[in-house]
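I have placed the structure first, in the form of structure tokens, so that the comments after it can refer back to it.
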Amino acid sequence: MRLAMLGGGGFRTPLVFGALLTDTHERRVDEVWLHDVDEGRLASIGRVLSEMSARHPDPPRVHVTTSLDEAVEGSDFVFSAIRVGGLEGRTADERVALDLGLLGQETTGPGGLSYGLRTVPVALRVAERVAALAPEAWVINFTNPAGMITEAMQAVLGNRVVGICDSPIGLGRRAAAALGLDPRGTTVDYVGLNHLGWLRGVTSGGRDVLPELLADDGLLGSLEEGSLFGTEWVRTLGMIPNEYLYYYYFTRDAVRSITGAPQTRGEYLLDQQRDFYARLAGARSAHAEWDRVRLERNATYMREARGEDEQRGEDDVQGGGYEGVALAIMAAISRGEPASLILDVRNGSTVAGLPEDAVVEVPCTVDAAGPRPLPVSPLVGHPLGLVQQVKAVERLVIEASLTGSERLAVEAFALHPLVDSVTVARELLAGYRARIPEVDAVFRR
């Protein structure tokens, strides 16, 4: 099978390639096309993959190209992991909001809306080229904001686009492990949007064991989310929030922590990756250098939400997850190996209170026909209201990006629950247009 990886010069590409190397099935990916607009990064990541390939008897053939059409044409699967505006754009996403006293974060809040505004047109162009050159391909979207971008691409490719994220996977895995259970033997009740969902149940042996976790101080406190939100708040909710809900439940704390830090997350990663790509040229082992930086990167994830001396658990530092999900999706569709996964898919009637064509993040079964969302119990109370509000904002961003409407963009910013003023919404849009050329271009078409 042929796989195209868009954003193939990105830092996470070796994670996906490593997962491919573990696949020994006769019907596996044997040809990988890496596409990126940065030739230097393509060459660097190509070197890491070359070292990984040298350790395996029959690795996939790897090609690199800056031509989108060359990468996509004839592909069976397309992974999209693009970053429009680069990490420089991410730092602006953060700083423009922080300068106005608001949360500056890549996907949550105004920074995520800025990211979506400039990414939607590029993602749609990708979808159109896939439709023209690989109409039978499945697109697996890693690009953030994952739910919004998946929804935009589905307007062209329908259900052949599925979004994935490692965050709910990690939550389910940690909850099962805290209870001493094998995650593979459990099923989870999880529902929401990308970076905005709740774990409401963990079933093992035919019964829900989540109440046991919530009732045990030691077990709940050992869970990363228990530490992040505090055991009292998790018990108050009666369910375990996705880690990104920290930015909604502890907004002022997050803003204070990020503002007081010497760097934002984007600025840290920008410096780290510049250093990584520069050091790679003189490194004896490209893969060893990549792995060192990967562990450092994972260890500092969501640092603003932890105490000064609080460290991430070793399993979380090791990371991984979404690359395995991507492999499981391909195996289910191409080889009929059914899988149960939490994915970003078209809602249909799954989550009551949301439009049928909205993309939601829920447990799914996946087989040769693709993913099908499993029934979930309704969202009620504040989770339903929050999900409805954020989904309405996401859809405004998509429309604003497609039409170039400043009015709709201001409306999207103003209606987001983490933005507290229409005046500030206008200032946000002006700030992002001034700092990020790709955002400004949306309104100059």
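By convention here, the chains of the structure tokens are called A, B, ... in the order presented, each chain's residues are numbered starting at 1, and ligands are numbered starting at 1 in the order presented.
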May I have the residues within 7 Å of Gly147 in chain A as a ChimeraX atom specification, using only C-alpha atoms and disregarding those fewer than 6 positions away in the same chain?
/A:163,193-194,344,359-360
I want to know what sits within 10 Å of Ala131 in chain A, based on only C-alpha atoms, with residues of the same chain fewer than 3 positions away left out; could you give that as a PyMOL selection string?
chain A and resi 72-73+125-128+134-137+156-157
In range 261-403 of chain A, DSSP alpha helix (DSSP H) residues written as a VMD selection string:
chain A and resid 265 to 280 286 to 299 314 to 318 322 to 335 381 to 403
So, with only C-alpha atoms as the atoms that count, which of A:Arg444, A:His416, A:Arg28, A:Arg265 lies closest to Leu87 in chain A?
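Under the stated criterion, the closest residue is A:Arg265.
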What does the structure give for the distance between CA of Gly101 in chain A and CA of Gly197 in chain A, in Å to one decimal?
25.3 Å
Just the strand (DSSP E) stuff from range 184-375 of chain A, please, per backbone DSSP, written as a compact mmCIF listing (two decimals) with all heavy atoms, in the first residue's frame.
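Result file part.txt:
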```txt
# COMPACT_ATOMS: atom_id res chain seq x y z
N THR A 187 -13.62 -1.10 27.81
CA THR A 187 -14.25 -0.18 26.87
C THR A 187 -14.55 1.10 27.64
O THR A 187 -14.78 1.07 28.86
CB THR A 187 -15.55 -0.75 26.29
OG1 THR A 187 -16.46 -1.05 27.36
CG2 THR A 187 -15.28 -2.00 25.48
N VAL A 188 -14.53 2.22 26.93
CA VAL A 188 -14.71 3.50 27.61
C VAL A 188 -15.92 4.24 27.06
O VAL A 188 -16.28 4.10 25.89
CB VAL A 188 -13.46 4.40 27.47
CG1 VAL A 188 -12.25 3.73 28.11
CG2 VAL A 188 -13.17 4.75 26.02
N ASP A 189 -16.56 4.98 27.94
CA ASP A 189 -17.63 5.91 27.57
C ASP A 189 -16.99 7.30 27.56
O ASP A 189 -16.74 7.88 28.62
CB ASP A 189 -18.76 5.82 28.58
CG ASP A 189 -19.86 6.86 28.31
OD1 ASP A 189 -19.81 7.53 27.27
OD2 ASP A 189 -20.76 6.99 29.17
N TYR A 190 -16.72 7.79 26.37
CA TYR A 190 -16.06 9.09 26.21
C TYR A 190 -16.83 9.86 25.14
O TYR A 190 -17.20 9.30 24.09
CB TYR A 190 -14.61 8.89 25.77
CG TYR A 190 -13.84 10.19 25.59
CD1 TYR A 190 -13.07 10.70 26.63
CD2 TYR A 190 -13.90 10.92 24.41
CE1 TYR A 190 -12.37 11.89 26.49
CE2 TYR A 190 -13.22 12.11 24.26
CZ TYR A 190 -12.45 12.59 25.30
OH TYR A 190 -11.77 13.78 25.16
N VAL A 191 -17.06 11.15 25.37
CA VAL A 191 -17.82 11.91 24.39
C VAL A 191 -17.44 13.39 24.47
O VAL A 191 -17.11 13.90 25.54
CB VAL A 191 -19.34 11.73 24.60
CG1 VAL A 191 -19.77 12.30 25.95
CG2 VAL A 191 -20.15 12.36 23.47
N GLY A 192 -17.47 14.06 23.32
CA GLY A 192 -17.21 15.49 23.26
C GLY A 192 -16.71 15.89 21.89
O GLY A 192 -17.04 15.27 20.87
N LEU A 193 -15.92 16.95 21.89
CA LEU A 193 -15.23 17.41 20.70
C LEU A 193 -13.74 17.20 20.91
O LEU A 193 -13.29 16.88 22.01
CB LEU A 193 -15.51 18.90 20.45
CG LEU A 193 -16.97 19.35 20.44
CD1 LEU A 193 -17.04 20.87 20.22
CD2 LEU A 193 -17.77 18.61 19.37
N LEU A 196 -11.99 18.58 23.97
CA LEU A 196 -13.11 19.05 24.79
C LEU A 196 -14.07 17.88 25.04
O LEU A 196 -15.17 17.82 24.52
CB LEU A 196 -13.85 20.20 24.07
CG LEU A 196 -14.97 20.89 24.84
CD1 LEU A 196 -14.42 21.62 26.05
CD2 LEU A 196 -15.71 21.87 23.94
N GLY A 197 -13.60 16.91 25.82
CA GLY A 197 -14.42 15.72 26.06
C GLY A 197 -14.24 15.20 27.48
O GLY A 197 -13.35 15.65 28.23
N TRP A 198 -15.06 14.24 27.85
CA TRP A 198 -15.09 13.70 29.21
C TRP A 198 -15.15 12.18 29.16
O TRP A 198 -15.90 11.59 28.38
CB TRP A 198 -16.31 14.22 29.96
CG TRP A 198 -16.33 15.69 30.18
CD1 TRP A 198 -15.93 16.37 31.30
CD2 TRP A 198 -16.81 16.69 29.27
NE1 TRP A 198 -16.10 17.72 31.13
CE2 TRP A 198 -16.64 17.95 29.90
CE3 TRP A 198 -17.34 16.65 27.97
CZ2 TRP A 198 -17.00 19.14 29.28
CZ3 TRP A 198 -17.68 17.84 27.35
CH2 TRP A 198 -17.52 19.08 28.01
N LEU A 199 -14.37 11.55 30.05
CA LEU A 199 -14.45 10.11 30.25
C LEU A 199 -15.50 9.86 31.32
O LEU A 199 -15.34 10.25 32.48
CB LEU A 199 -13.09 9.57 30.71
CG LEU A 199 -13.02 8.06 30.98
CD1 LEU A 199 -13.17 7.27 29.68
CD2 LEU A 199 -11.71 7.70 31.67
N ARG A 200 -16.59 9.19 30.92
CA ARG A 200 -17.74 9.02 31.81
C ARG A 200 -17.90 7.60 32.31
O ARG A 200 -18.75 7.34 33.18
CB ARG A 200 -19.00 9.47 31.10
CG ARG A 200 -18.91 10.91 30.58
CD ARG A 200 -20.19 11.34 29.91
NE ARG A 200 -20.53 10.48 28.76
CZ ARG A 200 -21.65 10.59 28.05
NH1 ARG A 200 -22.54 11.52 28.39
NH2 ARG A 200 -21.89 9.79 27.03
N GLY A 201 -17.12 6.68 31.78
CA GLY A 201 -17.23 5.31 32.23
C GLY A 201 -16.09 4.46 31.70
O GLY A 201 -15.54 4.72 30.63
N VAL A 202 -15.72 3.44 32.47
CA VAL A 202 -14.73 2.44 32.05
C VAL A 202 -15.32 1.08 32.37
O VAL A 202 -15.54 0.75 33.56
CB VAL A 202 -13.38 2.62 32.77
CG1 VAL A 202 -12.39 1.54 32.33
CG2 VAL A 202 -12.79 4.01 32.53
N THR A 203 -15.61 0.31 31.36
CA THR A 203 -16.28 -0.98 31.55
C THR A 203 -15.28 -2.12 31.45
O THR A 203 -14.52 -2.22 30.49
CB THR A 203 -17.40 -1.18 30.52
OG1 THR A 203 -18.36 -0.13 30.68
CG2 THR A 203 -18.09 -2.52 30.72
N SER A 204 -15.31 -2.98 32.47
CA SER A 204 -14.47 -4.18 32.49
C SER A 204 -15.29 -5.31 33.10
O SER A 204 -15.93 -5.13 34.15
CB SER A 204 -13.21 -3.93 33.32
OG SER A 204 -12.44 -5.11 33.44
N ARG A 207 -19.07 -4.45 33.83
CA ARG A 207 -19.51 -3.42 34.77
C ARG A 207 -18.62 -2.18 34.68
O ARG A 207 -17.45 -2.27 34.31
CB ARG A 207 -19.55 -3.96 36.19
CG ARG A 207 -18.20 -4.33 36.77
CD ARG A 207 -18.34 -5.01 38.14
NE ARG A 207 -17.02 -5.26 38.72
CZ ARG A 207 -16.42 -4.39 39.53
NH1 ARG A 207 -17.02 -3.25 39.86
NH2 ARG A 207 -15.23 -4.67 40.04
N ASP A 208 -19.20 -1.06 35.06
CA ASP A 208 -18.48 0.21 35.04
C ASP A 208 -17.63 0.32 36.31
O ASP A 208 -18.16 0.34 37.43
CB ASP A 208 -19.47 1.37 34.96
CG ASP A 208 -18.78 2.73 34.87
OD1 ASP A 208 -17.54 2.77 34.69
OD2 ASP A 208 -19.48 3.75 34.98
N ILE A 240 -14.09 12.18 34.33
CA ILE A 240 -12.72 12.69 34.20
C ILE A 240 -12.60 13.51 32.94
O ILE A 240 -12.82 13.01 31.83
CB ILE A 240 -11.71 11.54 34.19
CG1 ILE A 240 -11.86 10.68 35.45
CG2 ILE A 240 -10.28 12.09 34.11
CD1 ILE A 240 -10.93 9.49 35.51
N PRO A 241 -12.25 14.80 33.06
CA PRO A 241 -12.16 15.65 31.87
C PRO A 241 -10.88 15.36 31.07
O PRO A 241 -9.85 14.99 31.63
CB PRO A 241 -12.10 17.08 32.44
CG PRO A 241 -12.31 16.95 33.92
CD PRO A 241 -11.98 15.55 34.29
N ALA A 339 -11.44 -2.73 14.71
CA ALA A 339 -10.82 -2.03 15.83
C ALA A 339 -11.85 -1.15 16.51
O ALA A 339 -12.83 -0.71 15.89
CB ALA A 339 -9.65 -1.17 15.33
N SER A 340 -11.65 -0.91 17.81
CA SER A 340 -12.47 0.02 18.57
C SER A 340 -11.59 1.17 19.00
O SER A 340 -10.61 0.97 19.73
CB SER A 340 -13.08 -0.68 19.80
OG SER A 340 -13.94 -1.74 19.41
N LEU A 341 -11.91 2.38 18.54
CA LEU A 341 -11.04 3.53 18.73
C LEU A 341 -11.86 4.78 19.01
O LEU A 341 -13.02 4.88 18.60
CB LEU A 341 -10.20 3.78 17.46
CG LEU A 341 -9.34 2.62 16.96
CD1 LEU A 341 -8.90 2.89 15.53
CD2 LEU A 341 -8.13 2.44 17.87
N ILE A 342 -11.28 5.74 19.71
CA ILE A 342 -11.89 7.06 19.88
C ILE A 342 -11.41 7.95 18.75
O ILE A 342 -10.22 8.17 18.59
CB ILE A 342 -11.53 7.68 21.24
CG1 ILE A 342 -12.02 6.79 22.39
CG2 ILE A 342 -12.14 9.08 21.38
CD1 ILE A 342 -11.56 7.24 23.76
N LEU A 343 -12.37 8.43 17.92
CA LEU A 343 -12.01 9.15 16.71
C LEU A 343 -12.88 10.40 16.54
O LEU A 343 -13.93 10.53 17.17
CB LEU A 343 -12.19 8.24 15.49
CG LEU A 343 -11.37 6.95 15.47
CD1 LEU A 343 -11.82 6.05 14.33
CD2 LEU A 343 -9.88 7.25 15.38
N ASP A 344 -12.42 11.28 15.67
CA ASP A 344 -13.20 12.45 15.27
C ASP A 344 -13.93 12.12 13.97
O ASP A 344 -13.29 11.98 12.92
CB ASP A 344 -12.28 13.65 15.09
CG ASP A 344 -11.72 14.13 16.41
OD1 ASP A 344 -12.42 14.88 17.10
OD2 ASP A 344 -10.58 13.74 16.77
N VAL A 345 -15.25 11.98 14.06
CA VAL A 345 -16.06 11.52 12.93
C VAL A 345 -17.34 12.35 12.84
O VAL A 345 -17.69 13.10 13.75
CB VAL A 345 -16.43 10.03 13.09
CG1 VAL A 345 -15.19 9.14 13.04
CG2 VAL A 345 -17.20 9.80 14.40
N ARG A 346 -18.04 12.17 11.72
CA ARG A 346 -19.32 12.85 11.51
C ARG A 346 -20.31 12.40 12.56
O ARG A 346 -20.44 11.21 12.84
CB ARG A 346 -19.84 12.54 10.11
CG ARG A 346 -21.07 13.34 9.70
CD ARG A 346 -21.47 12.96 8.28
NE ARG A 346 -22.54 13.83 7.77
CZ ARG A 346 -23.83 13.62 7.96
NH1 ARG A 346 -24.23 12.57 8.67
NH2 ARG A 346 -24.73 14.45 7.45
N VAL A 359 -18.51 17.37 13.36
CA VAL A 359 -17.56 16.33 13.73
C VAL A 359 -17.45 16.28 15.25
O VAL A 359 -17.27 17.32 15.91
CB VAL A 359 -16.18 16.58 13.08
CG1 VAL A 359 -15.09 15.75 13.76
CG2 VAL A 359 -16.24 16.24 11.60
N VAL A 360 -17.59 15.08 15.80
CA VAL A 360 -17.51 14.86 17.25
C VAL A 360 -16.42 13.85 17.54
O VAL A 360 -15.94 13.14 16.64
CB VAL A 360 -18.86 14.37 17.81
CG1 VAL A 360 -19.94 15.43 17.63
CG2 VAL A 360 -19.31 13.06 17.12
N GLU A 361 -16.02 13.76 18.81
CA GLU A 361 -14.98 12.81 19.21
C GLU A 361 -15.60 11.77 20.13
O GLU A 361 -15.95 12.08 21.28
CB GLU A 361 -13.84 13.55 19.91
CG GLU A 361 -12.59 12.71 20.10
CD GLU A 361 -11.40 13.58 20.48
OE1 GLU A 361 -11.24 13.88 21.68
OE2 GLU A 361 -10.63 13.98 19.57
N VAL A 362 -15.76 10.54 19.62
CA VAL A 362 -16.49 9.50 20.33
C VAL A 362 -15.89 8.13 20.01
O VAL A 362 -15.16 7.98 19.03
CB VAL A 362 -17.99 9.49 19.91
CG1 VAL A 362 -18.70 10.74 20.39
CG2 VAL A 362 -18.13 9.32 18.40
N PRO A 363 -16.17 7.12 20.82
CA PRO A 363 -15.74 5.76 20.50
C PRO A 363 -16.39 5.28 19.19
O PRO A 363 -17.57 5.54 18.94
CB PRO A 363 -16.23 4.94 21.69
CG PRO A 363 -16.38 5.93 22.80
CD PRO A 363 -16.83 7.20 22.14
N CYS A 364 -15.61 4.57 18.40
CA CYS A 364 -16.08 4.06 17.11
C CYS A 364 -15.62 2.63 16.92
O CYS A 364 -14.62 2.19 17.50
CB CYS A 364 -15.50 4.90 15.95
SG CYS A 364 -15.94 6.64 15.96
N THR A 365 -16.34 1.90 16.09
CA THR A 365 -15.82 0.65 15.55
C THR A 365 -15.36 0.95 14.12
O THR A 365 -15.97 1.76 13.42
CB THR A 365 -16.89 -0.45 15.53
OG1 THR A 365 -18.02 -0.01 14.77
CG2 THR A 365 -17.35 -0.78 16.94
N VAL A 366 -14.28 0.31 13.72
CA VAL A 366 -13.72 0.55 12.39
C VAL A 366 -13.54 -0.80 11.70
O VAL A 366 -13.00 -1.74 12.29
CB VAL A 366 -12.37 1.28 12.45
CG1 VAL A 366 -11.96 1.76 11.06
CG2 VAL A 366 -12.39 2.45 13.42
N ASP A 367 -14.04 -0.90 10.47
CA ASP A 367 -13.82 -2.09 9.66
C ASP A 367 -13.60 -1.64 8.22
O ASP A 367 -13.27 -0.48 7.96
CB ASP A 367 -14.98 -3.07 9.79
CG ASP A 367 -16.33 -2.45 9.44
OD1 ASP A 367 -16.37 -1.44 8.70
OD2 ASP A 367 -17.36 -2.97 9.92
N GLY A 370 -14.99 1.58 7.06
CA GLY A 370 -14.58 2.80 7.73
C GLY A 370 -15.11 2.87 9.14
O GLY A 370 -15.68 1.91 9.68
N PRO A 371 -14.97 4.02 9.79
CA PRO A 371 -15.42 4.15 11.18
C PRO A 371 -16.91 4.39 11.31
O PRO A 371 -17.52 5.07 10.49
CB PRO A 371 -14.63 5.37 11.68
CG PRO A 371 -14.35 6.18 10.46
CD PRO A 371 -14.24 5.21 9.32
N ARG A 372 -17.50 3.81 12.35
CA ARG A 372 -18.90 4.03 12.68
C ARG A 372 -18.98 4.39 14.16
O ARG A 372 -18.55 3.60 15.01
CB ARG A 372 -19.75 2.79 12.40
CG ARG A 372 -19.87 2.44 10.93
CD ARG A 372 -20.91 1.33 10.73
NE ARG A 372 -20.62 0.16 11.54
CZ ARG A 372 -19.76 -0.78 11.21
NH1 ARG A 372 -19.07 -0.68 10.08
NH2 ARG A 372 -19.57 -1.82 12.00
N PRO A 373 -19.53 5.55 14.49
CA PRO A 373 -19.62 5.92 15.92
C PRO A 373 -20.56 5.00 16.67
O PRO A 373 -21.60 4.58 16.15
CB PRO A 373 -20.14 7.36 15.88
CG PRO A 373 -20.79 7.52 14.54
CD PRO A 373 -20.06 6.60 13.60
```
